[in-house]
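Chemist: The file below is my_file_19.tsv, TSV, C-alpha atoms:
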chain	number	residue	atom	x	y	z
G	256	ASP	CA	189.89	60.34	93.21
G	257	ALA	CA	186.64	61.95	94.35
G	258	GLY	CA	186.49	65.68	94.18
G	259	VAL	CA	184.63	67.92	96.58
G	260	THR	CA	181.17	66.57	97.36
G	261	GLN	CA	178.18	68.39	98.85
G	262	SER	CA	174.79	67.33	100.11
G	263	PRO	CA	171.96	67.78	99.59
G	264	THR	CA	171.74	69.03	96.01
G	265	HIS	CA	168.56	71.00	96.56
G	266	LEU	CA	166.70	72.09	99.67
G	267	ILE	CA	163.48	73.99	100.26
G	268	LYS	CA	162.82	75.58	103.66
G	269	THR	CA	160.44	78.15	105.07
G	270	ARG	CA	161.34	81.39	106.83
G	271	GLY	CA	162.50	80.93	110.41
G	272	GLN	CA	163.65	77.35	109.93
G	273	GLN	CA	167.18	76.08	110.34
G	274	VAL	CA	169.26	74.24	107.74
G	275	THR	CA	172.46	72.18	107.70
G	276	LEU	CA	174.56	71.71	104.58
G	277	ARG	CA	177.40	69.22	104.30
G	278	CYS	CA	180.69	69.10	102.46
G	279	SER	CA	183.45	66.53	102.03
G	280	PRO	CA	186.76	67.92	100.78
G	281	LYS	CA	188.93	66.59	98.01
G	282	SER	CA	191.30	63.84	99.12
G	283	GLY	CA	194.44	65.28	100.69
G	284	HIS	CA	192.84	68.64	101.46
G	285	ASP	CA	192.53	69.91	105.01
G	286	THR	CA	190.92	73.35	104.58
G	287	VAL	CA	187.27	73.97	103.78
G	288	SER	CA	185.73	77.29	102.77
G	289	TRP	CA	182.07	78.14	102.29
G	290	TYR	CA	180.66	80.65	99.82
G	291	GLN	CA	177.18	81.99	99.09
G	292	GLN	CA	176.24	82.80	95.51
G	293	ALA	CA	173.09	84.78	94.84
G	294	LEU	CA	171.55	84.66	91.38
G	295	GLY	CA	173.57	86.65	88.86
G	296	GLN	CA	176.36	87.39	91.33
G	297	GLY	CA	179.79	86.03	92.07
G	298	PRO	CA	180.32	83.86	95.16
G	299	GLN	CA	180.74	85.65	98.50
G	300	PHE	CA	183.02	84.24	101.18
G	301	ILE	CA	181.25	83.09	104.36
G	302	PHE	CA	184.01	81.43	106.41
G	303	GLN	CA	186.89	79.01	106.33
G	304	TYR	CA	187.74	76.06	108.57
G	305	TYR	CA	191.13	74.60	109.27
G	306	GLU	CA	192.12	72.15	112.03
G	307	GLU	CA	188.49	72.16	113.21
G	308	GLU	CA	188.59	75.90	113.92
G	309	GLU	CA	187.06	78.85	112.10
G	310	ARG	CA	190.15	80.52	110.71
G	311	GLN	CA	188.59	83.38	108.80
G	312	ARG	CA	185.11	84.84	108.45
G	313	GLY	CA	183.45	87.06	105.87
G	314	ASN	CA	180.74	89.65	106.40
G	315	PHE	CA	177.93	87.29	107.39
G	316	PRO	CA	175.76	87.40	110.52
G	317	ASP	CA	176.08	84.98	113.43
G	318	ARG	CA	173.08	83.07	112.07
G	319	PHE	CA	175.67	81.43	109.84
G	320	SER	CA	177.83	78.97	111.72
G	321	GLY	CA	179.92	75.99	110.85
G	322	HIS	CA	181.89	73.05	111.99
G	323	GLN	CA	184.77	70.95	110.76
G	324	PHE	CA	185.20	67.33	111.78
G	325	PRO	CA	188.43	65.38	112.37
G	326	ASN	CA	188.11	63.84	108.87
G	327	TYR	CA	188.13	67.42	107.46
G	328	SER	CA	184.49	67.30	106.33
G	329	SER	CA	182.43	70.34	107.22
G	330	GLU	CA	178.92	71.56	107.91
G	331	LEU	CA	177.33	74.95	107.33
G	332	ASN	CA	174.38	75.80	109.57
G	333	VAL	CA	172.02	78.67	109.00
G	334	ASN	CA	169.47	79.57	111.69
G	335	ALA	CA	166.33	81.69	111.46
G	336	LEU	CA	166.25	81.55	107.68
G	337	LEU	CA	165.31	84.66	105.73
G	338	LEU	CA	164.05	84.91	102.17
G	339	GLY	CA	167.36	86.55	101.29
G	340	ASP	CA	169.24	83.41	102.28
G	341	SER	CA	168.01	81.74	99.09
G	342	ALA	CA	171.16	81.08	97.09
G	343	LEU	CA	173.62	78.49	95.86
G	344	TYR	CA	175.95	77.48	98.69
G	345	LEU	CA	179.36	76.38	97.54
G	346	CYS	CA	182.01	74.52	99.44
G	347	ALA	CA	185.65	74.67	98.40
G	348	SER	CA	188.65	72.74	99.67
G	349	SER	CA	192.34	73.41	99.50
G	350	GLY	CA	195.47	71.58	100.58
G	351	PRO	CA	198.65	72.38	102.48
G	352	SER	CA	200.87	73.09	99.47
G	353	SER	CA	198.56	74.46	96.82
G	354	TYR	CA	199.06	78.25	96.88
G	355	ASN	CA	195.45	78.51	98.10
G	356	GLU	CA	194.18	76.77	94.97
G	357	GLN	CA	190.55	76.13	95.92
G	358	PHE	CA	188.45	73.41	94.32
G	359	PHE	CA	184.69	73.69	94.49
G	360	GLY	CA	181.90	71.20	94.91
G	361	PRO	CA	178.66	71.18	92.87
G	362	GLY	CA	176.84	73.32	95.42
G	363	THR	CA	173.57	73.12	97.34
G	364	ARG	CA	170.66	75.16	96.01
G	365	LEU	CA	168.70	76.52	99.00
G	366	THR	CA	165.28	78.03	98.46
G	367	VAL	CA	163.59	79.81	101.37
G	368	LEU	CA	159.84	80.35	101.02
P	1327	SER	CA	182.69	94.30	98.52
P	1328	GLN	CA	183.78	92.89	95.16
P	1329	GLN	CA	187.52	92.98	94.55
P	1330	GLY	CA	187.49	91.62	91.03
P	1331	GLU	CA	185.45	92.97	88.17
P	1332	GLU	CA	185.21	91.07	84.90
P	1333	ASP	CA	184.79	92.73	81.55
P	1334	PRO	CA	182.78	92.34	79.40
P	1335	GLN	CA	179.70	91.21	81.32
P	1336	ALA	CA	178.59	89.17	78.31
P	1337	LEU	CA	180.34	87.93	75.18
P	1338	SER	CA	178.88	86.12	72.16
P	1339	ILE	CA	181.13	84.51	69.55
P	1340	GLN	CA	181.12	81.80	66.89
P	1341	GLU	CA	182.79	78.43	67.28
P	1342	GLY	CA	186.44	78.59	66.31
P	1343	GLU	CA	186.87	82.22	67.35
P	1344	ASN	CA	188.97	83.35	70.30
P	1345	ALA	CA	187.36	84.73	73.45
P	1346	THR	CA	189.09	87.24	75.70
P	1347	MET	CA	187.84	88.17	79.15
P	1348	ASN	CA	189.39	90.72	81.44
P	1349	CYS	CA	189.51	91.08	85.20
P	1350	SER	CA	190.50	94.09	87.26
P	1351	TYR	CA	191.09	94.15	91.00
P	1352	LYS	CA	191.73	96.78	93.61
P	1353	THR	CA	194.38	95.68	96.12
P	1354	SER	CA	197.63	93.71	96.14
P	1355	ILE	CA	197.14	90.00	95.71
P	1356	ASN	CA	198.92	86.71	96.36
P	1357	ASN	CA	197.31	84.80	93.50
P	1358	LEU	CA	194.59	85.13	90.91
P	1359	GLN	CA	192.45	82.20	89.82
P	1360	TRP	CA	190.00	81.73	86.98
P	1361	TYR	CA	186.93	79.54	87.27
P	1362	ARG	CA	184.17	78.36	84.92
P	1363	GLN	CA	180.57	77.81	85.98
P	1364	ASN	CA	177.97	76.00	83.90
P	1365	SER	CA	174.28	76.71	84.47
P	1366	GLY	CA	174.59	77.86	88.08
P	1367	ARG	CA	176.30	74.72	89.30
P	1368	GLY	CA	179.71	74.33	90.94
P	1369	LEU	CA	182.79	76.22	89.84
P	1370	VAL	CA	185.42	74.39	87.82
P	1371	HIS	CA	188.98	75.49	88.54
P	1372	LEU	CA	190.73	76.54	85.33
P	1373	ILE	CA	194.06	78.06	86.24
P	1374	LEU	CA	195.97	79.81	89.04
P	1375	ILE	CA	198.58	82.47	88.37
P	1376	ARG	CA	200.82	83.70	91.15
P	1377	SER	CA	201.55	87.37	91.67
P	1378	ASN	CA	205.16	86.91	90.49
P	1379	GLU	CA	204.07	85.28	87.22
P	1380	ARG	CA	203.14	87.20	84.08
P	1381	GLU	CA	201.68	84.52	81.81
P	1382	LYS	CA	200.47	80.96	82.10
P	1383	HIS	CA	199.09	78.42	79.65
P	1384	SER	CA	196.87	75.40	80.05
P	1385	GLY	CA	195.61	73.71	76.89
P	1386	ARG	CA	193.52	76.29	74.98
P	1387	LEU	CA	193.71	78.75	77.88
P	1388	ARG	CA	196.17	81.58	78.23
P	1389	VAL	CA	196.16	83.82	81.30
P	1390	THR	CA	198.14	86.99	81.75
P	1391	LEU	CA	198.64	89.04	84.89
P	1392	ASP	CA	199.76	92.67	85.09
P	1393	THR	CA	200.17	93.57	88.76
P	1394	SER	CA	201.13	97.17	87.93
P	1395	LYS	CA	197.71	97.64	86.29
P	1396	LYS	CA	195.98	95.27	88.71
P	1397	SER	CA	194.47	93.34	85.83
P	1398	SER	CA	194.36	89.89	84.29
P	1399	SER	CA	193.04	88.45	81.07
P	1400	LEU	CA	191.81	85.00	80.11
P	1401	LEU	CA	192.08	83.99	76.47
P	1402	ILE	CA	190.27	80.90	75.21
P	1403	THR	CA	191.48	79.96	71.74
P	1404	ALA	CA	189.44	78.10	69.11
P	1405	SER	CA	186.24	78.28	71.20
P	1406	ARG	CA	183.76	75.40	71.21
P	1407	ALA	CA	180.07	75.31	72.04
P	1408	ALA	CA	181.03	73.46	75.24
P	1409	ASP	CA	182.90	76.58	76.40
P	1410	THR	CA	179.55	78.32	76.88
P	1411	ALA	CA	179.51	79.21	80.58
P	1412	SER	CA	180.13	82.00	83.08
P	1413	TYR	CA	183.76	82.78	83.85
P	1414	PHE	CA	184.94	84.30	87.13
P	1415	CYS	CA	188.23	85.62	88.35
P	1416	ALA	CA	189.00	85.28	92.04
P	1417	THR	CA	191.76	86.92	94.03
P	1418	ASP	CA	193.12	86.40	97.49
P	1419	ALA	CA	194.09	89.87	98.59
P	1420	ARG	CA	197.15	90.01	100.81
P	1421	GLN	CA	195.25	91.67	103.62
P	1422	ALA	CA	192.27	89.34	103.34
P	1423	GLY	CA	193.92	86.04	104.26
P	1424	THR	CA	192.97	83.09	102.13
P	1425	ALA	CA	189.39	84.10	101.33
P	1426	LEU	CA	188.75	84.29	97.61
P	1427	ILE	CA	187.03	87.43	96.38
P	1428	PHE	CA	185.06	87.10	93.16
P	1429	GLY	CA	183.73	89.47	90.55
P	1430	LYS	CA	180.31	89.14	88.92
P	1431	GLY	CA	181.67	87.13	86.02
P	1432	THR	CA	181.58	87.17	82.23
P	1433	THR	CA	178.90	85.14	80.49
P	1434	LEU	CA	180.30	83.56	77.34
P	1435	SER	CA	178.03	82.18	74.62
P	1436	VAL	CA	179.63	80.18	71.80
P	1437	SER	CA	177.32	79.35	68.91
P	1438	SER	CA	177.94	76.73	66.26
For this file, write the structure as structure tokens.
Modeler:
Amino acid sequence: DAGVTQSPTHLIKTRGQQVTLRCSPKSGHDTVSWYQQALGQGPQFIFQYYEEEERQRGNFPDRFSGHQFPNYSSELNVNALLLGDSALYLCASSGPSSYNEQFFGPGTRLTVL
Amino acid sequence: SQQGEEDPQALSIQEGENATMNCSYKTSINNLQWYRQNSGRGLVHLILIRSNEREKHSGRLRVTLDTSKKSSSLLITASRAADTASYFCATDARQAGTALIFGKGTTLSVSS
């Protein structure tokens, strides 16, 4: 049973560019959440998708947007990249009867130059 | 803002010793979860404790929750070098929906 998968593993972009990160949830899970983790910090919640809708959003600007597909996979898009967007981006999935138990993928390391 | 705060920030022990990490939070919660992270990669889910539970065990892990003190502890018994990692607690505050709120973590080093 595959766990949560994310792609790509690493990404290097320059300021002003746009980036798309991808996530496939654990089998049987229908909810996907995205987190940003800066170096030396704990993950910060970006947003959560359920039934192809953004259900909840953290304190992130509109440059951060997402999408969920009918197969529950999800994308995170970041426009107009800033140096401060350099971080590890983590995707987590949870299922319908799991007390919000969230399982994380390996993350995508984004470096903005 | 950070809901959970782990203590200590760093912990160094010898193999075979027990490691205890603490987590404090600010508002009422539904659940509290502990995660492990190796070398800045993905988080590994360790254990979830519900707000109406006081103690939970999983292998060498023991988690306690005191909702009156808004605190939790994670005990790892008989530590191994492979336990070297950062450990985070995460809460889903009742007024914050299902978003997990993390502290800055405890970095555990286990030397052989």
Chemist: Give the residues of chain P that lie within 6 Å of chain G; count all atoms listed in the file, and format the answer as a ChimeraX atom specification.
Modeler: /P:1367-1369,1428-1430
Chemist: Pick out the closest residue to P:Ser1350 from this set: P:His1371, P:Arg1406, P:Lys1396, P:Arg1376. Count only C-alpha atoms.
Modeler: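 Between P:His1371, P:Arg1406, P:Lys1396, P:Arg1376, the residue approaching P:Ser1350 most closely is P:Lys1396.
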Chemist: Would you kindly return, as a PyMOL selection string, each protein, DNA or RNA residue with an atom no farther than 6 Å from any atom of stretch 1409-1423 of chain P, considering all atoms listed in the file and excluding same-chain residues fewer than 5 positions away?
Modeler: chain P and resi 1354-1364+1428+1431-1436
Chemist: Mind checking which residues fall within 7 Å of G:Arg318, counting all atoms listed in the file, ignoring those fewer than 6 positions away in the same chain, and posting them as a PDB file with C-alpha atoms, in the frame of the given file?
Modeler:
ATOM      1  CA  VAL G 333     172.020  78.670 109.000  1.00  0.00           C
ATOM      2  CA  ASN G 334     169.470  79.570 111.690  1.00  0.00           C
ATOM      3  CA  ALA G 335     166.330  81.690 111.460  1.00  0.00           C
TER       4      ALA G 335
END
Chemist: Could you tell me how far atom CA of G:His284 sits from atom CA of G:Ser352, in Å to one decimal place?
Modeler: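 We find that atom CA of G:Ser352 and atom CA of G:His284 lie 9.4 Å from each other.
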Chemist: Would you kindly return, as a short mmCIF file (atom, residue, chain, number, x, y, z; two decimals) with C-alpha atoms, in the frame of the given file, each protein, DNA or RNA residue with an atom no farther than 7 Å from any atom of G:His322, considering only C-alpha atoms and excluding same-chain residues fewer than 5 positions away?
Modeler:
data_model
loop_
_atom_site.label_atom_id
_atom_site.label_comp_id
_atom_site.auth_asym_id
_atom_site.auth_seq_id
_atom_site.Cartn_x
_atom_site.Cartn_y
_atom_site.Cartn_z
CA GLU G 307 188.49 72.16 113.21
CA SER G 329 182.43 70.34 107.22
CA GLU G 330 178.92 71.56 107.91
CA LEU G 331 177.33 74.95 107.33
#
Chemist: Which residue out of G:Ala257, G:Val367, G:Phe319, G:Glu308 has the minimum interatomic distance to G:Asp285 when all atoms listed in the file are used?
Modeler: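 Looking at the shortest contact to G:Asp285, the residue is G:Glu308.
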Chemist: Just how far from atom CA of P:Gly1366 is atom CA of G:Leu368, in Å to one decimal?
Modeler: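 Here the two named atoms are 19.8 Å from each other.
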Chemist: Figure out the distance between atom CA of P:Ile1402 and atom CA of P:Ala1336, please, to one decimal in Å.
Modeler: 14.6 Å
